[in-house]
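Trainee: File follows, entry28.pdb with PDB, C-alpha atoms:
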ATOM      1  CA  MET F   1     -33.133  56.661 -57.059
ATOM      2  CA  SER F   2     -32.156  59.094 -59.819
ATOM      3  CA  ILE F   3     -29.032  61.198 -59.424
ATOM      4  CA  PRO F   4     -27.077  63.178 -62.033
ATOM      5  CA  LEU F   5     -23.685  61.798 -63.007
ATOM      6  CA  SER F   6     -20.663  63.740 -64.216
ATOM      7  CA  ILE F   7     -17.051  62.839 -64.969
ATOM      8  CA  LEU F   8     -13.664  63.883 -63.632
ATOM      9  CA  ASP F   9     -10.930  63.485 -66.248
ATOM     10  CA  LEU F  10      -7.259  63.960 -65.341
ATOM     11  CA  ALA F  11      -6.150  63.507 -68.966
ATOM     12  CA  PRO F  12      -3.999  60.549 -67.874
ATOM     13  CA  VAL F  13      -0.842  59.768 -69.816
ATOM     14  CA  ALA F  14      -0.347  56.003 -69.787
ATOM     15  CA  PRO F  15       3.131  54.440 -69.989
ATOM     16  CA  GLY F  16       4.309  54.624 -73.597
ATOM     17  CA  GLN F  17       1.582  57.104 -74.523
ATOM     18  CA  THR F  18       2.164  60.654 -75.772
ATOM     19  CA  VAL F  19       0.448  63.738 -74.361
ATOM     20  CA  ARG F  20      -1.202  64.269 -77.756
ATOM     21  CA  GLU F  21      -2.723  60.795 -77.497
ATOM     22  CA  SER F  22      -3.916  61.646 -73.988
ATOM     23  CA  PHE F  23      -5.722  64.727 -75.277
ATOM     24  CA  ALA F  24      -7.349  62.691 -78.059
ATOM     25  CA  ALA F  25      -8.537  60.247 -75.405
ATOM     26  CA  SER F  26     -10.031  63.110 -73.386
ATOM     27  CA  VAL F  27     -11.969  64.270 -76.429
ATOM     28  CA  ALA F  28     -13.302  60.738 -76.978
ATOM     29  CA  LEU F  29     -14.250  60.472 -73.305
ATOM     30  CA  ALA F  30     -16.160  63.769 -73.349
ATOM     31  CA  GLN F  31     -17.961  62.801 -76.550
ATOM     32  CA  GLN F  32     -18.981  59.471 -74.994
ATOM     33  CA  ALA F  33     -20.106  61.237 -71.823
ATOM     34  CA  GLU F  34     -22.201  63.684 -73.869
ATOM     35  CA  ALA F  35     -23.831  60.882 -75.863
ATOM     36  CA  SER F  36     -24.511  58.893 -72.695
ATOM     37  CA  GLY F  37     -26.263  61.646 -70.733
ATOM     38  CA  TYR F  38     -23.638  62.761 -68.221
ATOM     39  CA  ARG F  39     -24.118  66.332 -67.009
ATOM     40  CA  ARG F  40     -20.546  67.676 -67.095
ATOM     41  CA  VAL F  41     -16.869  66.787 -67.446
ATOM     42  CA  TRP F  42     -14.281  68.491 -65.252
ATOM     43  CA  TYR F  43     -10.499  68.662 -65.643
ATOM     44  CA  ALA F  44      -8.076  69.068 -62.744
ATOM     45  CA  GLU F  45      -5.055  71.357 -62.627
ATOM     46  CA  HIS F  46      -1.868  69.455 -61.755
ATOM     47  CA  HIS F  47       1.732  70.373 -62.494
ATOM     48  CA  ASN F  48       5.027  68.527 -62.908
ATOM     49  CA  MET F  49       3.319  65.130 -63.077
ATOM     50  CA  ALA F  50       4.317  62.963 -66.025
ATOM     51  CA  SER F  51       1.121  60.919 -65.803
ATOM     52  CA  ILE F  52      -1.363  63.848 -65.857
ATOM     53  CA  ALA F  53      -1.711  66.239 -68.814
ATOM     54  CA  SER F  54      -4.429  68.645 -67.601
ATOM     55  CA  SER F  55      -2.073  71.362 -66.309
ATOM     56  CA  ALA F  56      -3.278  74.089 -68.725
ATOM     57  CA  THR F  57      -6.862  73.473 -67.690
ATOM     58  CA  SER F  58      -8.625  76.300 -69.500
ATOM     59  CA  VAL F  59      -6.815  75.492 -72.756
ATOM     60  CA  LEU F  60      -7.864  71.852 -72.544
ATOM     61  CA  ILE F  61     -11.464  72.867 -71.835
ATOM     62  CA  ALA F  62     -11.455  75.088 -74.920
ATOM     63  CA  HIS F  63     -10.145  72.259 -77.094
ATOM     64  CA  ILE F  64     -12.765  69.785 -75.893
ATOM     65  CA  ALA F  65     -15.610  72.323 -75.993
ATOM     66  CA  SER F  66     -14.873  72.836 -79.692
ATOM     67  CA  GLN F  67     -15.406  69.104 -80.301
ATOM     68  CA  THR F  68     -18.578  68.625 -78.231
ATOM     69  CA  SER F  69     -21.964  70.317 -78.411
ATOM     70  CA  THR F  70     -24.041  70.256 -75.237
ATOM     71  CA  ILE F  71     -22.205  68.819 -72.251
ATOM     72  CA  ARG F  72     -20.976  71.232 -69.579
ATOM     73  CA  LEU F  73     -17.199  71.471 -69.203
ATOM     74  CA  GLY F  74     -15.154  72.965 -66.435
ATOM     75  CA  SER F  75     -12.340  72.836 -63.949
ATOM     76  CA  GLY F  76     -12.243  70.377 -61.136
ATOM     77  CA  GLY F  77     -10.460  72.432 -60.333
ATOM     78  CA  VAL F  78      -8.379  75.490 -61.034
ATOM     79  CA  MET F  79      -5.951  75.881 -58.140
ATOM     80  CA  LEU F  80      -6.546  79.566 -57.507
ATOM     81  CA  PRO F  81      -3.369  80.188 -55.432
ATOM     82  CA  ASN F  82      -1.425  79.598 -58.666
ATOM     83  CA  HIS F  83      -3.172  82.457 -60.488
ATOM     84  CA  SER F  84      -4.500  85.968 -60.172
ATOM     85  CA  PRO F  85      -8.308  86.210 -59.956
ATOM     86  CA  LEU F  86      -8.276  88.592 -62.930
ATOM     87  CA  ALA F  87      -6.446  86.121 -65.187
ATOM     88  CA  ILE F  88      -8.880  83.317 -64.335
ATOM     89  CA  ALA F  89     -11.862  85.633 -64.854
ATOM     90  CA  GLU F  90     -10.530  86.494 -68.300
ATOM     91  CA  GLN F  91      -9.830  82.866 -69.218
ATOM     92  CA  PHE F  92     -13.195  81.517 -68.108
ATOM     93  CA  GLY F  93     -15.003  84.603 -69.353
ATOM     94  CA  THR F  94     -13.506  83.833 -72.751
ATOM     95  CA  LEU F  95     -14.643  80.213 -72.522
ATOM     96  CA  GLU F  96     -18.172  81.218 -71.505
ATOM     97  CA  THR F  97     -18.359  83.769 -74.319
ATOM     98  CA  LEU F  98     -17.303  81.154 -76.883
ATOM     99  CA  HIS F  99     -19.452  78.351 -75.408
ATOM    100  CA  PRO F 100     -22.344  80.042 -73.584
ATOM    101  CA  GLY F 101     -24.117  78.086 -70.883
ATOM    102  CA  ARG F 102     -21.587  75.243 -70.895
ATOM    103  CA  ILE F 103     -18.733  76.376 -68.623
ATOM    104  CA  ASP F 104     -18.134  75.676 -64.911
ATOM    105  CA  LEU F 105     -15.359  77.072 -62.714
ATOM    106  CA  GLY F 106     -14.395  74.800 -59.838
ATOM    107  CA  LEU F 107     -11.809  76.295 -57.483
ATOM    108  CA  GLY F 108      -9.321  74.648 -55.145
ATOM    109  CA  ARG F 109      -6.922  76.002 -52.533
ATOM    110  CA  ALA F 110      -4.084  73.474 -52.917
ATOM    111  CA  PRO F 111      -1.193  74.255 -55.276
ATOM    112  CA  GLY F 112      -1.701  71.077 -57.326
ATOM    113  CA  SER F 113       2.035  70.461 -57.257
ATOM    114  CA  ASP F 114       5.066  70.060 -55.023
ATOM    115  CA  GLN F 115       6.834  72.989 -53.387
ATOM    116  CA  ALA F 116       9.587  73.202 -56.020
ATOM    117  CA  THR F 117       6.964  73.503 -58.764
ATOM    118  CA  PHE F 118       5.059  76.060 -56.712
ATOM    119  CA  ARG F 119       8.188  78.205 -56.589
ATOM    120  CA  ALA F 120       8.759  77.711 -60.315
ATOM    121  CA  MET F 121       5.311  79.219 -60.906
ATOM    122  CA  ARG F 122       6.487  82.369 -59.074
ATOM    123  CA  ARG F 123       3.706  82.208 -56.522
ATOM    124  CA  ASP F 124       3.769  83.822 -53.106
ATOM    125  CA  PRO F 125       3.920  81.097 -50.405
ATOM    126  CA  SER F 126       1.128  82.881 -48.532
ATOM    127  CA  SER F 127      -1.241  82.892 -51.532
ATOM    128  CA  SER F 128      -3.225  79.928 -50.198
ATOM    129  CA  GLU F 129      -4.127  82.003 -47.159
ATOM    130  CA  ARG F 130      -5.798  84.565 -49.435
ATOM    131  CA  PHE F 131      -7.994  81.941 -51.101
ATOM    132  CA  PRO F 132     -11.327  83.157 -49.613
ATOM    133  CA  GLN F 133     -10.618  86.779 -50.593
ATOM    134  CA  ASP F 134      -9.462  85.708 -54.060
ATOM    135  CA  VAL F 135     -12.666  83.713 -54.623
ATOM    136  CA  VAL F 136     -14.750  86.784 -53.765
ATOM    137  CA  GLU F 137     -12.598  88.982 -56.030
ATOM    138  CA  LEU F 138     -12.929  86.491 -58.892
ATOM    139  CA  GLN F 139     -16.681  86.244 -58.439
ATOM    140  CA  ALA F 140     -16.951  90.033 -58.595
ATOM    141  CA  PHE F 141     -14.921  90.204 -61.812
ATOM    142  CA  LEU F 142     -17.261  87.658 -63.441
ATOM    143  CA  ALA F 143     -20.331  89.553 -62.253
ATOM    144  CA  GLY F 144     -19.049  92.840 -63.696
ATOM    145  CA  GLU F 145     -18.804  94.296 -60.171
ATOM    146  CA  SER F 146     -15.035  94.578 -59.836
ATOM    147  CA  ARG F 147     -13.615  95.184 -56.368
ATOM    148  CA  VAL F 148     -10.433  96.595 -57.901
ATOM    149  CA  ALA F 149     -10.893 100.245 -58.852
ATOM    150  CA  GLY F 150     -10.498 100.860 -62.567
ATOM    151  CA  VAL F 151     -10.062  97.167 -63.494
ATOM    152  CA  GLN F 152     -12.584  95.011 -65.351
ATOM    153  CA  ALA F 153     -12.285  91.466 -66.717
ATOM    154  CA  VAL F 154     -12.489  91.713 -70.516
ATOM    155  CA  PRO F 155     -13.828  89.256 -71.508
ATOM    156  CA  GLY F 156     -15.439  87.982 -68.321
ATOM    157  CA  ALA F 157     -17.424  90.829 -66.810
ATOM    158  CA  GLY F 158     -21.100  89.944 -66.769
ATOM    159  CA  THR F 159     -20.633  86.306 -67.811
ATOM    160  CA  ASN F 160     -21.400  85.070 -64.269
ATOM    161  CA  VAL F 161     -19.642  81.761 -64.823
ATOM    162  CA  PRO F 162     -20.916  79.537 -61.969
ATOM    163  CA  LEU F 163     -18.355  78.889 -59.240
ATOM    164  CA  TYR F 164     -17.872  75.685 -57.262
ATOM    165  CA  ILE F 165     -15.648  75.248 -54.217
ATOM    166  CA  LEU F 166     -13.611  72.041 -54.225
ATOM    167  CA  GLY F 167     -12.135  70.537 -51.116
ATOM    168  CA  SER F 168     -11.232  67.548 -49.000
ATOM    169  CA  SER F 169     -11.579  69.131 -45.561
ATOM    170  CA  LEU F 170     -13.881  71.275 -43.459
ATOM    171  CA  PHE F 171     -12.171  74.475 -44.640
ATOM    172  CA  GLY F 172     -13.621  74.281 -48.149
ATOM    173  CA  ALA F 173     -16.979  73.118 -46.831
ATOM    174  CA  LYS F 174     -17.325  76.091 -44.521
ATOM    175  CA  LEU F 175     -16.175  78.541 -47.190
ATOM    176  CA  ALA F 176     -18.653  77.170 -49.745
ATOM    177  CA  ALA F 177     -21.409  77.416 -47.131
ATOM    178  CA  ALA F 178     -20.524  80.986 -46.194
ATOM    179  CA  LEU F 179     -20.424  82.132 -49.826
ATOM    180  CA  GLY F 180     -23.531  80.184 -50.849
ATOM    181  CA  LEU F 181     -21.710  78.166 -53.517
ATOM    182  CA  PRO F 182     -21.934  74.498 -54.547
ATOM    183  CA  TYR F 183     -19.419  72.224 -52.821
ATOM    184  CA  ALA F 184     -17.520  69.370 -54.469
ATOM    185  CA  PHE F 185     -15.712  66.912 -52.199
ATOM    186  CA  ALA F 186     -12.642  65.036 -53.463
ATOM    187  CA  SER F 187     -13.653  61.681 -52.016
ATOM    188  CA  HIS F 188     -12.163  59.870 -55.016
ATOM    189  CA  PHE F 189      -8.711  60.228 -53.420
ATOM    190  CA  ALA F 190      -9.199  61.842 -49.977
ATOM    191  CA  PRO F 191     -12.198  60.142 -48.365
ATOM    192  CA  GLY F 192     -11.450  60.815 -44.709
ATOM    193  CA  ASP F 193     -13.515  63.941 -43.987
ATOM    194  CA  LEU F 194     -16.344  63.357 -46.465
ATOM    195  CA  ILE F 195     -19.187  62.900 -43.976
ATOM    196  CA  ASP F 196     -18.127  65.670 -41.582
ATOM    197  CA  ALA F 197     -17.423  68.165 -44.394
ATOM    198  CA  VAL F 198     -20.730  67.630 -46.178
ATOM    199  CA  SER F 199     -22.644  67.819 -42.893
ATOM    200  CA  ALA F 200     -20.926  71.088 -41.991
ATOM    201  CA  TYR F 201     -21.638  72.518 -45.436
ATOM    202  CA  ARG F 202     -25.331  71.667 -45.307
ATOM    203  CA  ARG F 203     -25.683  72.897 -41.737
ATOM    204  CA  GLU F 204     -23.968  76.261 -42.312
ATOM    205  CA  PHE F 205     -25.117  77.049 -45.876
ATOM    206  CA  GLN F 206     -26.178  80.654 -46.565
ATOM    207  CA  PRO F 207     -28.246  81.305 -49.719
ATOM    208  CA  SER F 208     -26.662  83.494 -52.397
ATOM    209  CA  ALA F 209     -27.452  85.010 -55.770
ATOM    210  CA  GLN F 210     -26.002  81.874 -57.408
ATOM    211  CA  LEU F 211     -27.587  79.226 -55.197
ATOM    212  CA  SER F 212     -30.650  79.157 -52.939
ATOM    213  CA  GLU F 213     -30.069  75.728 -51.372
ATOM    214  CA  PRO F 214     -26.960  73.637 -50.668
ATOM    215  CA  TYR F 215     -25.689  71.507 -53.529
ATOM    216  CA  VAL F 216     -23.125  68.734 -53.045
ATOM    217  CA  LEU F 217     -21.070  66.932 -55.662
ATOM    218  CA  ALA F 218     -19.197  63.912 -54.316
ATOM    219  CA  ALA F 219     -16.402  62.286 -56.299
ATOM    220  CA  VAL F 220     -16.192  58.510 -56.650
ATOM    221  CA  ASN F 221     -14.042  56.109 -58.675
ATOM    222  CA  ALA F 222     -15.585  53.533 -61.003
ATOM    223  CA  ILE F 223     -14.515  50.513 -63.000
ATOM    224  CA  VAL F 224     -17.578  49.049 -64.685
ATOM    225  CA  THR F 225     -17.295  46.060 -66.990
ATOM    226  CA  ASP F 226     -19.476  43.338 -68.469
ATOM    227  CA  ASP F 227     -17.688  40.772 -66.299
ATOM    228  CA  ALA F 228     -17.061  41.156 -62.555
ATOM    229  CA  ASP F 229     -13.767  39.249 -62.650
ATOM    230  CA  GLU F 230     -12.443  41.566 -65.353
ATOM    231  CA  ALA F 231     -13.374  44.566 -63.202
ATOM    232  CA  ASP F 232     -11.343  43.120 -60.328
ATOM    233  CA  VAL F 233      -8.360  42.610 -62.646
ATOM    234  CA  GLN F 234      -8.563  46.225 -63.845
ATOM    235  CA  PHE F 235      -8.897  47.534 -60.284
ATOM    236  CA  ALA F 236      -5.803  45.641 -59.184
ATOM    237  CA  GLN F 237      -3.856  47.133 -62.083
ATOM    238  CA  VAL F 238      -5.061  50.649 -61.262
ATOM    239  CA  LYS F 239      -3.820  50.308 -57.677
ATOM    240  CA  ARG F 240      -0.432  49.034 -58.861
ATOM    241  CA  GLN F 241      -0.063  51.996 -61.236
ATOM    242  CA  ARG F 242      -1.011  54.517 -58.561
ATOM    243  CA  LEU F 243       1.486  52.990 -56.162
ATOM    244  CA  LEU F 244       4.233  53.156 -58.762
ATOM    245  CA  MET F 245       3.388  56.797 -59.498
ATOM    246  CA  LEU F 246       3.559  57.734 -55.802
ATOM    247  CA  LEU F 247       6.856  55.931 -55.287
ATOM    248  CA  ARG F 248       8.427  57.640 -58.304
ATOM    249  CA  GLN F 249       7.124  61.099 -57.447
ATOM    250  CA  SER F 250       8.382  60.847 -53.868
ATOM    251  CA  GLY F 251      11.847  59.779 -55.016
ATOM    252  CA  GLN F 252      11.656  56.523 -53.065
ATOM    253  CA  ILE F 253      12.590  54.473 -56.126
ATOM    254  CA  ASP F 254      14.616  54.947 -59.286
ATOM    255  CA  PRO F 255      12.087  56.266 -61.868
ATOM    256  CA  THR F 256      13.530  53.917 -64.480
ATOM    257  CA  ARG F 257      13.176  50.761 -62.404
ATOM    258  CA  GLU F 258      10.539  48.292 -63.539
ATOM    259  CA  PHE F 259       8.436  46.166 -61.170
ATOM    260  CA  GLY F 260       6.457  42.994 -61.670
ATOM    261  CA  ASP F 261       2.865  42.624 -60.485
ATOM    262  CA  ASP F 262       3.907  40.385 -57.585
ATOM    263  CA  GLU F 263       6.411  42.971 -56.358
ATOM    264  CA  LEU F 264       3.842  45.759 -56.538
ATOM    265  CA  ASP F 265       1.224  43.649 -54.770
ATOM    266  CA  HIS F 266       3.754  43.105 -51.973
ATOM    267  CA  LEU F 267       4.450  46.859 -51.806
ATOM    268  CA  LEU F 268       0.708  47.526 -51.542
ATOM    269  CA  ARG F 269       0.959  46.022 -48.047
ATOM    270  CA  THR F 270       3.515  48.667 -46.977
ATOM    271  CA  PRO F 271       2.518  52.064 -45.494
ATOM    272  CA  VAL F 272       2.668  53.827 -48.875
ATOM    273  CA  GLY F 273       0.633  50.985 -50.331
ATOM    274  CA  GLN F 274      -1.955  51.409 -47.612
ATOM    275  CA  HIS F 275      -2.210  55.046 -48.639
ATOM    276  CA  VAL F 276      -3.198  53.870 -52.125
ATOM    277  CA  GLN F 277      -5.790  51.557 -50.587
ATOM    278  CA  THR F 278      -7.212  54.515 -48.647
ATOM    279  CA  MET F 279      -7.286  56.699 -51.767
ATOM    280  CA  THR F 280      -9.474  54.126 -53.507
ATOM    281  CA  THR F 281     -11.889  53.672 -50.583
ATOM    282  CA  TYR F 282     -14.848  54.887 -52.620
ATOM    283  CA  THR F 283     -14.699  52.836 -55.818
ATOM    284  CA  ALA F 284     -17.492  51.055 -57.659
ATOM    285  CA  VAL F 285     -16.039  47.869 -59.139
ATOM    286  CA  GLY F 286     -18.038  45.292 -61.045
ATOM    287  CA  THR F 287     -20.917  44.812 -63.431
ATOM    288  CA  PRO F 288     -23.490  47.531 -64.209
ATOM    289  CA  GLY F 289     -25.826  46.121 -61.570
ATOM    290  CA  ASP F 290     -23.045  46.130 -58.984
ATOM    291  CA  ALA F 291     -22.117  49.688 -59.906
ATOM    292  CA  ARG F 292     -25.674  50.986 -59.706
ATOM    293  CA  GLU F 293     -26.118  49.512 -56.236
ATOM    294  CA  TYR F 294     -22.806  51.010 -55.121
ATOM    295  CA  MET F 295     -23.525  54.468 -56.557
ATOM    296  CA  GLU F 296     -26.952  54.672 -54.949
ATOM    297  CA  GLN F 297     -25.552  53.696 -51.562
ATOM    298  CA  PHE F 298     -22.609  56.082 -51.914
ATOM    299  CA  ALA F 299     -24.908  58.981 -52.834
ATOM    300  CA  ARG F 300     -26.921  58.357 -49.667
ATOM    301  CA  THR F 301     -23.783  58.102 -47.539
ATOM    302  CA  ALA F 302     -22.332  61.300 -49.007
ATOM    303  CA  GLN F 303     -25.658  63.220 -48.940
ATOM    304  CA  ALA F 304     -24.819  64.050 -52.549
ATOM    305  CA  ASP F 305     -26.982  65.841 -55.098
ATOM    306  CA  GLU F 306     -24.662  64.782 -57.934
ATOM    307  CA  LEU F 307     -21.856  62.268 -58.352
ATOM    308  CA  ILE F 308     -18.711  63.110 -60.290
ATOM    309  CA  VAL F 309     -17.131  59.877 -61.433
ATOM    310  CA  ALA F 310     -13.476  59.168 -62.138
ATOM    311  CA  HIS F 311     -13.587  56.219 -64.528
ATOM    312  CA  SER F 312     -10.264  54.687 -63.540
ATOM    313  CA  SER F 313      -9.586  51.900 -66.028
ATOM    314  CA  SER F 314      -6.107  52.113 -67.512
ATOM    315  CA  SER F 315      -7.014  51.819 -71.202
ATOM    316  CA  LEU F 316      -9.184  54.231 -73.163
ATOM    317  CA  ASP F 317     -11.409  51.461 -74.521
ATOM    318  CA  ALA F 318     -12.086  50.220 -71.006
ATOM    319  CA  ARG F 319     -12.853  53.752 -69.759
ATOM    320  CA  LEU F 320     -15.273  54.391 -72.617
ATOM    321  CA  ARG F 321     -17.014  51.082 -71.935
ATOM    322  CA  SER F 322     -17.234  51.924 -68.237
ATOM    323  CA  VAL F 323     -18.753  55.327 -69.046
ATOM    324  CA  ALA F 324     -21.423  53.763 -71.268
ATOM    325  CA  LEU F 325     -22.260  50.856 -68.956
ATOM    326  CA  LEU F 326     -22.665  53.081 -65.900
ATOM    327  CA  ALA F 327     -24.877  55.506 -67.818
ATOM    328  CA  ASP F 328     -27.135  52.659 -68.879
ATOM    329  CA  ALA F 329     -27.226  51.219 -65.375
ATOM    330  CA  MET F 330     -28.163  54.593 -63.870
ATOM    331  CA  GLN F 331     -30.705  55.209 -66.653
ATOM    332  CA  LEU F 332     -29.217  58.513 -67.769
ATOM    333  CA  ALA F 333     -31.055  60.201 -70.610
ATOM    334  CA  PRO F 334     -28.827  60.167 -73.720
ATOM    335  CA  ALA F 335     -28.146  63.480 -75.444
ATOM    336  CA  ALA F 336     -30.517  64.297 -78.301
ATOM    337  CA  ALA F 337     -29.104  63.548 -81.723
TER     338      ALA F 337
END
Take the structure in the file and give it back as structure tokens.

Mentor:
Amino acid sequence: MSIPLSILDLAPVAPGQTVRESFAASVALAQQAEASGYRRVWYAEHHNMASIASSATSVLIAHIASQTSTIRLGSGGVMLPNHSPLAIAEQFGTLETLHPGRIDLGLGRAPGSDQATFRAMRRDPSSSERFPQDVVELQAFLAGESRVAGVQAVPGAGTNVPLYILGSSLFGAKLAAALGLPYAFASHFAPGDLIDAVSAYRREFQPSAQLSEPYVLAAVNAIVTDDADEADVQFAQVKRQRLLMLLRQSGQIDPTREFGDDELDHLLRTPVGQHVQTMTTYTAVGTPGDAREYMEQFARTAQADELIVAHSSSSLDARLRSVALLADAMQLAPAAA
């Protein structure tokens, strides 16, 4: 079985690491992905999260595009309720003009933040309800067929940056189907509706100028190492770190309090810990052979045309190794020198 692989990068900021170091790591990850034969790297818009540095998504894409050559780069995704369609058309039209044929625009409906941050961004609370109309307006700006009299996206008009609808529920699946756009499901952290959403998308898909047949990207976590025991150790650490992040963000613990591994393992058996376990339902953990077997089975389960992989290891060296090992295991064609 041959299936394209891509990467989701949240530009993670590890404890003790600076944001600048996180960005350097994202550049290294994209360069490794390009050399290894991955199709694209996407960056997700999040706000007010100390452990994620990809908030200014289009700016980060521009930085990494300038230090890579062939790999596609894009948003996974831009949270459109936080922005006007015109502003996003201009940003991604600029990116496409500077890096033609390499830019994707994935769109999500969630705010990518908590309610206080949403208010700080000066957004209308009802903006999420306008998401379908805003997607259509954005698409028209990029096609040079503005729906707003007297307003064109400059740059942007005529660039036709390809759009992708991101989601974790049937809403996004049905919208992507109705608009004839590719659909990316966030199964790397919200696995619950994967099967139903993909089935609905494929069943209801209507061809469009961008896409003649349904196209599904399914997200999956991966920790691939030379040694299976080491992969298990890394996976355990990833779950502890995610639990700690959730507890701190929710205000359930003092953000300065430190925890030992035994304490965190105990907390993983609590309801919030079970949420972390659910978030990591779809995770390939082990040697390259283990990972290949898992990815092939997951692609069949998800009815996916492409897998977008969140390499979850905590350290950059481990993530880069995971990227390379999985590419070899899946027999990706390396980029030409």

Trainee: Can you pull out every residue within 10 Å of F:Ser314, counting only C-alpha atoms, but drop anything in the same chain fewer than 5 positions away, and send it as a PDB file with C-alpha atoms, in the frame of the given file?

Mentor:
ATOM      1  CA  PRO F  12      -3.999  60.549 -67.874  1.00  0.00           C
ATOM      2  CA  VAL F  13      -0.842  59.768 -69.816  1.00  0.00           C
ATOM      3  CA  ALA F  14      -0.347  56.003 -69.787  1.00  0.00           C
ATOM      4  CA  PRO F  15       3.131  54.440 -69.989  1.00  0.00           C
ATOM      5  CA  ILE F 223     -14.515  50.513 -63.000  1.00  0.00           C
ATOM      6  CA  GLN F 234      -8.563  46.225 -63.845  1.00  0.00           C
ATOM      7  CA  PHE F 235      -8.897  47.534 -60.284  1.00  0.00           C
ATOM      8  CA  GLN F 237      -3.856  47.133 -62.083  1.00  0.00           C
ATOM      9  CA  VAL F 238      -5.061  50.649 -61.262  1.00  0.00           C
ATOM     10  CA  GLN F 241      -0.063  51.996 -61.236  1.00  0.00           C
ATOM     11  CA  ARG F 319     -12.853  53.752 -69.759  1.00  0.00           C
TER      12      ARG F 319
END

Trainee: So which one's closest to F:Thr287, F:Leu29, F:Met79, F:Ala228, F:Ala35? Using only C-alpha atoms, please.

Mentor: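 Among F:Leu29, F:Met79, F:Ala228, F:Ala35, it is F:Ala228 that comes nearest to F:Thr287.
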
Trainee: List the neighbours of F:Arg147 out to 9 Å using all atoms listed in the file; skip same-chain residues closer than 4 positions along the sequence, and give me the result as JSON, numbers by chain.

Mentor: {"F": [136, 137, 140, 141, 151]}

Trainee: Give as a ChimeraX atom specification the residues that the PyMOL selection byres ((chain F and resi 82) around 8) matches when applied to the coordinates above.

Mentor: /F:79-81,83-84,111,118,121,123,127

Trainee: Which one is closest to F:Gly192: F:Leu95, F:Ala302, F:Ala89, F:Leu325? Count all atoms listed in the file.

Mentor: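 The closest residue to F:Gly192 is F:Ala302.
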
Trainee: Would you work out the distance separating atom CA of F:Ala157 from atom CA of F:Leu105, expressed in Å to one decimal?

Mentor: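 Rounded to one decimal, the two atoms are 14.5 Å apart.
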
Trainee: Env of F:Ser322: 9 Å cut, atoms = all atoms listed in the file, seq-sep filter 3 positions within chain, self excluded. Answer as a list in words.

Mentor: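 In the requested form, the answer reads Ala222, Ile223, Val224, Thr225, Asp226, Pro288, His311, Ser312, Ser313, Asp317, Ala318, Arg319, Leu325, Leu326 and Ala327 of chain F.
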
Trainee: Can you work out the spacing between atom CA of F:Gly289 and atom CA of F:Gly74 in Å, to one decimal?

Mentor: 29.3 Å

Trainee: List the residues selected by the PyMOL selection byres ((chain F and resi 277) around 12) in the file shown, writing them as a PyMOL selection string.

Mentor: chain F and resi 188-191+235-236+238-240+242-243+265+267-276+278-283

Trainee: Under the rule that all atoms listed in the file are counted, which of F:Thr256, F:Ser26, F:Gln91, F:Ser199 is the nearest residue to F:Gln303?

Mentor: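 Checking each candidate against F:Gln303, we get F:Ser199 as the closest.
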
Trainee: Could you please determine the separation between atom CA of F:His63 and atom CA of F:Arg321 in Å, to one decimal place?

Mentor: 22.9 Å

Trainee: As a PyMOL selection string, please: the residues near stretch 1-7 of chain F (cut-off 7 Å, all atoms listed in the file, same-chain neighbours under 3 positions excluded).

Mentor: chain F and resi 38-42+296+305-310

Trainee: Could you name the residues that touch F:Ala218 at 6 Å or less, counting all atoms listed in the file, but leaving out those on the same chain fewer than 5 positions away, as a PyMOL selection string?

Mentor: chain F and resi 184-185+304+307

Trainee: Can you take stretch 265-271 of chain F from the block and write N, CA, C and O atoms as a PDB file, in the first residue's frame?

Mentor:
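result16.pdb, written as the output of this step:
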ATOM      1  N   ASP F 265       1.665   9.923  36.166  1.00  0.00           N
ATOM      2  CA  ASP F 265       1.091   8.642  35.765  1.00  0.00           C
ATOM      3  C   ASP F 265      -0.172   8.334  36.570  1.00  0.00           C
ATOM      4  O   ASP F 265      -1.144   7.765  36.045  1.00  0.00           O
ATOM      5  N   HIS F 266      -0.173   8.722  37.852  1.00  0.00           N
ATOM      6  CA  HIS F 266      -1.376   8.555  38.668  1.00  0.00           C
ATOM      7  C   HIS F 266      -2.503   9.446  38.140  1.00  0.00           C
ATOM      8  O   HIS F 266      -3.663   9.016  38.026  1.00  0.00           O
ATOM      9  N   LEU F 267      -2.168  10.699  37.795  1.00  0.00           N
ATOM     10  CA  LEU F 267      -3.178  11.631  37.293  1.00  0.00           C
ATOM     11  C   LEU F 267      -3.726  11.208  35.932  1.00  0.00           C
ATOM     12  O   LEU F 267      -4.849  11.567  35.565  1.00  0.00           O
ATOM     13  N   LEU F 268      -2.948  10.440  35.175  1.00  0.00           N
ATOM     14  CA  LEU F 268      -3.439   9.939  33.890  1.00  0.00           C
ATOM     15  C   LEU F 268      -4.606   8.969  34.058  1.00  0.00           C
ATOM     16  O   LEU F 268      -5.310   8.670  33.088  1.00  0.00           O
ATOM     17  N   ARG F 269      -4.830   8.500  35.291  1.00  0.00           N
ATOM     18  CA  ARG F 269      -5.964   7.609  35.542  1.00  0.00           C
ATOM     19  C   ARG F 269      -7.208   8.372  35.998  1.00  0.00           C
ATOM     20  O   ARG F 269      -8.243   7.779  36.247  1.00  0.00           O
ATOM     21  N   THR F 270      -7.094   9.714  36.105  1.00  0.00           N
ATOM     22  CA  THR F 270      -8.238  10.552  36.461  1.00  0.00           C
ATOM     23  C   THR F 270      -9.015  10.910  35.195  1.00  0.00           C
ATOM     24  O   THR F 270      -8.550  10.643  34.071  1.00  0.00           O
ATOM     25  N   PRO F 271     -10.197  11.544  35.324  1.00  0.00           N
ATOM     26  CA  PRO F 271     -10.955  11.912  34.117  1.00  0.00           C
ATOM     27  C   PRO F 271     -10.185  12.783  33.131  1.00  0.00           C
ATOM     28  O   PRO F 271     -10.232  12.545  31.922  1.00  0.00           O
TER      29      PRO F 271
END
